[in-house]
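Content type compact mmCIF, C-alpha atoms, from the file protein_10.txt:
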# COMPACT_ATOMS: atom_id res chain seq x y z
CA MET B 16 -38.94 -12.33 33.04
CA ALA B 17 -37.44 -15.78 32.63
CA GLY B 18 -34.70 -16.53 30.13
CA PRO B 19 -35.04 -19.03 27.32
CA ALA B 20 -35.80 -22.58 28.42
CA VAL B 21 -32.97 -25.05 28.09
CA GLN B 22 -33.92 -27.93 25.84
CA PRO B 23 -32.66 -31.47 26.37
CA GLY B 24 -29.27 -31.80 24.71
CA ASP B 25 -28.51 -28.09 25.06
CA SER B 26 -25.43 -27.25 27.04
CA ALA B 27 -25.55 -24.96 30.04
CA PRO B 28 -24.16 -21.47 29.67
CA GLU B 29 -20.38 -21.42 29.96
CA SER B 30 -20.43 -19.24 33.07
CA SER B 31 -22.32 -21.89 35.06
CA VAL B 32 -20.20 -24.87 33.95
CA ARG B 33 -17.33 -25.71 36.29
CA GLN B 34 -14.32 -26.95 34.44
CA PRO B 35 -12.26 -29.48 36.37
CA LEU B 36 -8.79 -28.31 37.32
CA PRO B 37 -5.92 -29.89 35.43
CA ALA B 38 -4.03 -32.47 37.51
CA TRP B 39 -0.84 -30.39 37.43
CA SER B 40 -2.70 -27.53 39.14
CA GLU B 41 -3.57 -29.65 42.16
CA TRP B 42 -0.01 -31.01 42.37
CA ALA B 43 1.42 -27.49 42.03
CA GLY B 44 -0.93 -26.39 44.79
CA THR B 45 0.32 -29.24 46.95
CA ALA B 46 3.92 -28.10 46.44
CA VAL B 47 2.91 -24.51 47.26
CA ARG B 48 0.97 -25.62 50.34
CA LEU B 49 3.86 -27.69 51.66
CA GLY B 50 6.40 -24.99 50.80
CA LEU B 51 4.44 -22.40 52.77
CA ALA B 52 4.12 -24.93 55.62
CA VAL B 53 7.92 -25.23 55.72
CA VAL B 54 8.24 -21.43 55.91
CA TRP B 55 5.78 -21.15 58.82
CA GLY B 56 7.26 -24.17 60.58
CA TRP B 57 10.81 -22.84 60.24
CA ALA B 58 9.79 -19.39 61.46
CA GLY B 59 7.80 -20.73 64.42
CA LEU B 60 10.43 -23.23 65.54
CA ALA B 61 13.18 -20.62 65.29
CA LYS B 62 11.29 -18.33 67.69
CA ILE B 63 9.57 -20.69 70.09
CA ALA B 64 12.75 -21.68 71.95
CA ASP B 65 13.41 -18.09 73.07
CA PRO B 66 10.17 -16.15 73.52
CA ALA B 67 11.98 -13.21 75.14
CA GLU B 68 14.07 -12.82 71.99
CA ALA B 69 10.90 -12.97 69.88
CA ALA B 70 9.39 -10.21 72.02
CA GLN B 71 12.60 -8.19 71.63
CA ALA B 72 12.24 -8.48 67.84
CA VAL B 73 8.64 -7.21 68.04
CA ARG B 74 9.73 -4.34 70.32
CA ALA B 75 12.47 -3.26 67.89
CA TYR B 76 9.88 -2.23 65.27
CA GLU B 77 8.69 0.50 67.65
CA ILE B 78 5.11 0.18 66.41
CA LEU B 79 3.13 -1.59 69.14
CA PRO B 80 2.46 -0.30 72.64
CA GLU B 81 4.61 -2.08 75.25
CA GLY B 82 1.56 -3.91 76.61
CA LEU B 83 1.20 -5.81 73.32
CA VAL B 84 4.87 -6.63 72.74
CA LYS B 85 5.05 -9.74 74.94
CA PRO B 86 1.69 -11.23 73.92
CA ILE B 87 2.58 -10.81 70.22
CA GLY B 88 6.18 -11.93 70.64
CA TYR B 89 5.26 -14.96 72.73
CA GLY B 90 2.14 -15.87 70.71
CA LEU B 91 3.42 -15.44 67.15
CA PRO B 92 5.52 -18.63 67.09
CA PHE B 93 2.48 -20.68 68.13
CA LEU B 94 0.37 -19.07 65.39
CA GLU B 95 3.10 -19.80 62.82
CA LEU B 96 3.34 -23.43 63.95
CA ALA B 97 -0.44 -23.81 63.84
CA LEU B 98 -0.49 -22.46 60.28
CA ALA B 99 2.29 -24.90 59.35
CA LEU B 100 0.41 -27.85 60.82
CA LEU B 101 -2.84 -26.92 59.07
CA LEU B 102 -1.01 -26.52 55.76
CA VAL B 103 0.80 -29.86 56.12
CA THR B 104 -2.49 -31.63 56.76
CA GLY B 105 -4.31 -29.55 54.16
CA LEU B 106 -7.10 -28.58 56.52
CA GLY B 107 -8.83 -25.25 55.89
CA VAL B 108 -6.40 -24.38 53.10
CA ARG B 109 -8.18 -21.27 51.82
CA LEU B 110 -8.71 -19.89 55.33
CA VAL B 111 -5.09 -20.61 56.31
CA ALA B 112 -3.91 -18.99 53.08
CA GLY B 113 -5.95 -15.90 53.93
CA VAL B 114 -4.51 -15.69 57.44
CA SER B 115 -1.04 -16.25 55.96
CA ALA B 116 -1.56 -13.45 53.46
CA LEU B 117 -2.70 -11.04 56.19
CA LEU B 118 0.25 -11.96 58.39
CA LEU B 119 2.72 -11.58 55.52
CA LEU B 120 1.24 -8.19 54.58
CA THR B 121 1.67 -7.17 58.23
CA PHE B 122 5.31 -8.29 58.16
CA ILE B 123 6.00 -6.49 54.88
CA THR B 124 4.38 -3.32 56.23
CA GLY B 125 6.38 -3.54 59.47
CA ILE B 126 9.68 -3.99 57.64
CA ALA B 127 8.89 -1.16 55.23
CA SER B 128 7.91 1.06 58.17
CA ALA B 129 11.17 0.39 60.00
CA TRP B 130 13.12 1.06 56.81
CA ALA B 131 11.23 4.30 56.10
CA ARG B 132 11.75 5.53 59.69
CA GLY B 133 15.47 4.75 59.61
CA ILE B 134 15.33 2.12 62.34
CA SER B 135 18.18 -0.40 61.95
CA ILE B 136 16.82 -3.83 62.85
CA ASP B 137 17.01 -7.46 61.91
CA CYS B 138 13.43 -8.44 61.10
CA GLY B 139 13.43 -11.43 63.45
CA CYS B 140 11.41 -13.39 60.91
CA PHE B 141 13.35 -16.60 61.49
CA GLY B 142 14.63 -16.02 65.00
CA GLY B 143 16.90 -13.34 66.37
CA GLY B 144 15.76 -9.84 65.67
CA GLY B 145 16.24 -6.55 67.33
CA HIS B 146 18.47 -3.56 66.73
CA VAL B 147 21.55 -4.04 64.53
CA ASP B 148 24.16 -1.84 62.91
CA ALA B 149 22.77 -0.02 59.86
CA SER B 150 25.21 -1.91 57.62
CA ARG B 151 23.55 -5.21 58.61
CA THR B 152 19.99 -4.35 57.57
CA GLU B 153 18.48 -6.26 54.65
CA TYR B 154 15.11 -4.60 54.22
CA LEU B 155 14.77 -5.00 50.46
CA GLN B 156 15.68 -8.70 50.55
CA GLU B 157 13.27 -9.30 53.45
CA ILE B 158 10.43 -7.50 51.67
CA LEU B 159 11.09 -9.39 48.42
CA ARG B 160 11.27 -12.73 50.27
CA ASP B 161 8.00 -12.07 52.10
CA THR B 162 6.40 -10.92 48.86
CA GLY B 163 7.36 -14.28 47.36
CA PHE B 164 5.71 -16.03 50.32
CA LEU B 165 2.68 -13.77 49.83
CA LEU B 166 2.44 -14.99 46.23
CA LEU B 167 2.37 -18.57 47.53
CA ALA B 168 -0.49 -17.68 49.87
CA GLY B 169 -2.22 -15.94 46.96
CA TRP B 170 -1.97 -19.12 44.86
CA LEU B 171 -3.69 -21.07 47.65
CA LEU B 172 -6.41 -18.45 47.95
CA TRP B 173 -7.01 -18.77 44.21
CA ARG B 174 -6.60 -22.55 44.00
CA PRO B 175 -7.07 -24.07 47.47
CA ARG B 176 -7.78 -27.55 46.15
CA THR B 177 -4.62 -29.62 46.47
CA ARG B 178 -3.66 -33.27 46.49
CA LEU B 179 -3.08 -35.21 49.69
CA SER B 180 -5.16 -32.81 51.78
CA ALA B 181 -7.70 -33.25 54.55
CA ASP B 182 -9.96 -30.80 52.70
CA GLY B 183 -9.99 -33.14 49.69
CA ARG B 184 -10.79 -36.18 51.83
CA LEU B 185 -13.58 -34.34 53.65
CA ALA B 186 -15.12 -33.19 50.36
CA SER B 187 -15.23 -36.75 48.98

Can you turn what I pasted into structure tokens?
Amino acid sequence: MAGPAVQPGDSAPESSVRQPLPAWSEWAGTAVRLGLAVVWGWAGLAKIADPAEAAQAVRAYEILPEGLVKPIGYGLPFLELALALLLVTGLGVRLVAGVSALLLLTFITGIASAWARGISIDCGCFGGGGHVDASRTEYLQEILRDTGFLLLAGWLLWRPRTRLSADGRLAS
């Protein structure tokens, strides 16, 4: 059964009308996008110079089988740099935000797992990593920091439209 016919001059139901985003929202999204790009760029550049150290950081979590340690340790910096580049250009923002969120959730889970199992490591998030003295662990700070980055990714999942982005130019 069809609903009532819309007469000329009637407005469409509110649920089907798309309200334009306020300008500040797109500028805030741009700041979030570029901020997250800096995080991924910093993390990737810090690790790419010493892939063996990056693999050592992955190994220290004692989660992955040895056969995956090197591919993850060596590949992660390239993934982080790719995410940074895509965020800087604003290409595929929602998809990149989703990948970022999944990666950050993985990092948070890994850090929490190491903490819960009593493994004393430096997370290796921005270079370094590996086993450290128990007095040098900073699990809570690392989890809170990554949760903040996760919130940035969440913003971009919710509001992927940003200023100065390739997505915006392609949509025009």

Open item on the list: Can you tell me which residues surround Phe164 in chain B at a distance of at most 12 Å, considering all atoms listed in the file, apart from same-chain residues fewer than 6 positions away, and format the answer as number ranges by chain?
Closed with: B: 47-55, 112, 115-120, 122-123, 157-158, 170-171

Those same residues - C-alpha atoms - I'd like them written as a short mmCIF file (atom, residue, chain, number, x, y, z; two decimals), in the frame of the given file.
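What ended up in again29.cif:
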data_model
loop_
_atom_site.label_atom_id
_atom_site.label_comp_id
_atom_site.auth_asym_id
_atom_site.auth_seq_id
_atom_site.Cartn_x
_atom_site.Cartn_y
_atom_site.Cartn_z
CA VAL B 47 2.91 -24.51 47.26
CA ARG B 48 0.97 -25.62 50.34
CA LEU B 49 3.86 -27.69 51.66
CA GLY B 50 6.40 -24.99 50.80
CA LEU B 51 4.44 -22.40 52.77
CA ALA B 52 4.12 -24.93 55.62
CA VAL B 53 7.92 -25.23 55.72
CA VAL B 54 8.24 -21.43 55.91
CA TRP B 55 5.78 -21.15 58.82
CA ALA B 112 -3.91 -18.99 53.08
CA SER B 115 -1.04 -16.25 55.96
CA ALA B 116 -1.56 -13.45 53.46
CA LEU B 117 -2.70 -11.04 56.19
CA LEU B 118 0.25 -11.96 58.39
CA LEU B 119 2.72 -11.58 55.52
CA LEU B 120 1.24 -8.19 54.58
CA PHE B 122 5.31 -8.29 58.16
CA ILE B 123 6.00 -6.49 54.88
CA GLU B 157 13.27 -9.30 53.45
CA ILE B 158 10.43 -7.50 51.67
CA TRP B 170 -1.97 -19.12 44.86
CA LEU B 171 -3.69 -21.07 47.65
#

Determine, counting only C-alpha atoms, every residue of protein, DNA or RNA that lies within 12 Å of (0.0, -18.1, 65.0) in the file coordinates, then give the result as a short mmCIF file (atom, residue, chain, number, x, y, z; two decimals) with C-alpha atoms, keeping the file's coordinate frame.
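In the end it all went to out.cif:
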data_model
loop_
_atom_site.label_atom_id
_atom_site.label_comp_id
_atom_site.auth_asym_id
_atom_site.auth_seq_id
_atom_site.Cartn_x
_atom_site.Cartn_y
_atom_site.Cartn_z
CA TRP B 55 5.78 -21.15 58.82
CA GLY B 56 7.26 -24.17 60.58
CA ALA B 58 9.79 -19.39 61.46
CA GLY B 59 7.80 -20.73 64.42
CA LEU B 60 10.43 -23.23 65.54
CA LYS B 62 11.29 -18.33 67.69
CA ILE B 63 9.57 -20.69 70.09
CA PRO B 86 1.69 -11.23 73.92
CA ILE B 87 2.58 -10.81 70.22
CA GLY B 88 6.18 -11.93 70.64
CA TYR B 89 5.26 -14.96 72.73
CA GLY B 90 2.14 -15.87 70.71
CA LEU B 91 3.42 -15.44 67.15
CA PRO B 92 5.52 -18.63 67.09
CA PHE B 93 2.48 -20.68 68.13
CA LEU B 94 0.37 -19.07 65.39
CA GLU B 95 3.10 -19.80 62.82
CA LEU B 96 3.34 -23.43 63.95
CA ALA B 97 -0.44 -23.81 63.84
CA LEU B 98 -0.49 -22.46 60.28
CA ALA B 99 2.29 -24.90 59.35
CA LEU B 100 0.41 -27.85 60.82
CA LEU B 101 -2.84 -26.92 59.07
CA VAL B 111 -5.09 -20.61 56.31
CA VAL B 114 -4.51 -15.69 57.44
CA SER B 115 -1.04 -16.25 55.96
CA LEU B 117 -2.70 -11.04 56.19
CA LEU B 118 0.25 -11.96 58.39
CA LEU B 119 2.72 -11.58 55.52
#

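For the atom pair formed by CA of Trp130 in chain B and CA of Asp161 in chain B, the distance is 14.9 Å, given to one decimal.
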
Neighbours of Ile78 in chain B within 10 Å (only C-alpha atoms; same-chain residues fewer than 3 positions away dropped), as a PDB file with C-alpha atoms, in the coordinates of the input?
ATOM      1  CA  VAL B  73       8.640  -7.210  68.040  1.00  0.00           C
ATOM      2  CA  ARG B  74       9.730  -4.340  70.320  1.00  0.00           C
ATOM      3  CA  ALA B  75      12.470  -3.260  67.890  1.00  0.00           C
ATOM      4  CA  GLU B  81       4.610  -2.080  75.250  1.00  0.00           C
ATOM      5  CA  LEU B  83       1.200  -5.810  73.320  1.00  0.00           C
ATOM      6  CA  VAL B  84       4.870  -6.630  72.740  1.00  0.00           C
ATOM      7  CA  GLY B 125       6.380  -3.540  59.470  1.00  0.00           C
ATOM      8  CA  SER B 128       7.910   1.060  58.170  1.00  0.00           C
ATOM      9  CA  ALA B 129      11.170   0.390  60.000  1.00  0.00           C
TER      10      ALA B 129
END

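The interatomic distance for the pair CA of Ala186 in chain B and CA of Gly107 in chain B works out to 11.5 Å.
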
Task: Proximity to Leu172 in chain B - best of B:Gly82, B:Pro37, B:Gly44, B:Gly142, all atoms listed in the file - done: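 Checking each of B:Gly82, B:Pro37, B:Gly44, B:Gly142 against Leu172 in chain B, counting all atoms listed in the file, the winner is B:Gly44.
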
Task: Proximity to Thr45 in chain B - best of B:Val103, B:Ala69, B:Leu79, B:Ala131, all atoms listed in the file - done: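 Closest candidate: B:Val103.
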
TODO: Kindly indicate which residue among B:Ala64, B:Leu102, B:Gln71, B:Tyr76 lies nearest to Pro175 in chain B, using only C-alpha atoms for the distances.
DONE: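 Comparing B:Ala64, B:Leu102, B:Gln71, B:Tyr76 against Pro175 in chain B, the winner is B:Leu102.
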
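Taking CA of Ala46 in chain B and CA of Phe141 in chain B as endpoints, the distance between them is 21.2 Å.
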
TODO: Tell me which of B:Ala38, B:Ala168, B:Ala72, B:Ala61 sits closest to Asp137 in chain B, counting all atoms listed in the file.
DONE: B:Ala72

Could you rebuild range 87-102 of chain B with N, CA, C and O atoms and give it back as a CSV table (one decimal), in the coordinates of the input?
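To be explicit, this is the file written out as out-v7.csv:
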chain,number,residue,atom,x,y,z
B,87,ILE,N,2.3,-10.6,71.6
B,87,ILE,CA,2.6,-10.8,70.2
B,87,ILE,C,3.9,-11.6,70.1
B,87,ILE,O,3.9,-12.6,69.3
B,88,GLY,N,4.9,-11.2,70.7
B,88,GLY,CA,6.2,-11.9,70.6
B,88,GLY,C,6.1,-13.4,71.1
B,88,GLY,O,6.7,-14.3,70.5
B,89,TYR,N,5.4,-13.6,72.2
B,89,TYR,CA,5.3,-15.0,72.7
B,89,TYR,C,4.2,-15.8,71.9
B,89,TYR,O,4.4,-17.0,71.8
B,90,GLY,N,3.2,-15.1,71.4
B,90,GLY,CA,2.1,-15.9,70.7
B,90,GLY,C,2.4,-16.2,69.2
B,90,GLY,O,1.9,-17.2,68.7
B,91,LEU,N,3.2,-15.3,68.6
B,91,LEU,CA,3.4,-15.4,67.2
B,91,LEU,C,4.0,-16.8,66.8
B,91,LEU,O,3.5,-17.4,65.8
B,92,PRO,N,5.0,-17.3,67.5
B,92,PRO,CA,5.5,-18.6,67.1
B,92,PRO,C,4.5,-19.7,67.1
B,92,PRO,O,4.5,-20.6,66.3
B,93,PHE,N,3.5,-19.7,68.1
B,93,PHE,CA,2.5,-20.7,68.1
B,93,PHE,C,1.5,-20.5,67.0
B,93,PHE,O,1.1,-21.5,66.4
B,94,LEU,N,1.2,-19.3,66.6
B,94,LEU,CA,0.4,-19.1,65.4
B,94,LEU,C,1.1,-19.6,64.1
B,94,LEU,O,0.4,-20.3,63.3
B,95,GLU,N,2.3,-19.3,64.0
B,95,GLU,CA,3.1,-19.8,62.8
B,95,GLU,C,3.1,-21.3,62.8
B,95,GLU,O,3.0,-21.9,61.7
B,96,LEU,N,3.3,-22.0,63.9
B,96,LEU,CA,3.3,-23.4,64.0
B,96,LEU,C,2.0,-24.0,63.7
B,96,LEU,O,1.8,-25.0,63.0
B,97,ALA,N,0.9,-23.4,64.1
B,97,ALA,CA,-0.4,-23.8,63.8
B,97,ALA,C,-0.7,-23.7,62.3
B,97,ALA,O,-1.3,-24.6,61.7
B,98,LEU,N,-0.3,-22.6,61.7
B,98,LEU,CA,-0.5,-22.5,60.3
B,98,LEU,C,0.3,-23.6,59.5
B,98,LEU,O,-0.2,-24.1,58.6
B,99,ALA,N,1.5,-23.8,60.0
B,99,ALA,CA,2.3,-24.9,59.4
B,99,ALA,C,1.6,-26.2,59.4
B,99,ALA,O,1.5,-27.0,58.5
B,100,LEU,N,1.1,-26.6,60.6
B,100,LEU,CA,0.4,-27.8,60.8
B,100,LEU,C,-0.8,-28.0,60.0
B,100,LEU,O,-1.1,-29.0,59.3
B,101,LEU,N,-1.6,-26.9,59.9
B,101,LEU,CA,-2.8,-26.9,59.1
B,101,LEU,C,-2.5,-27.1,57.6
B,101,LEU,O,-3.2,-27.7,56.8
B,102,LEU,N,-1.4,-26.4,57.2
B,102,LEU,CA,-1.0,-26.5,55.8
B,102,LEU,C,-0.5,-27.9,55.4
B,102,LEU,O,-0.7,-28.5,54.4
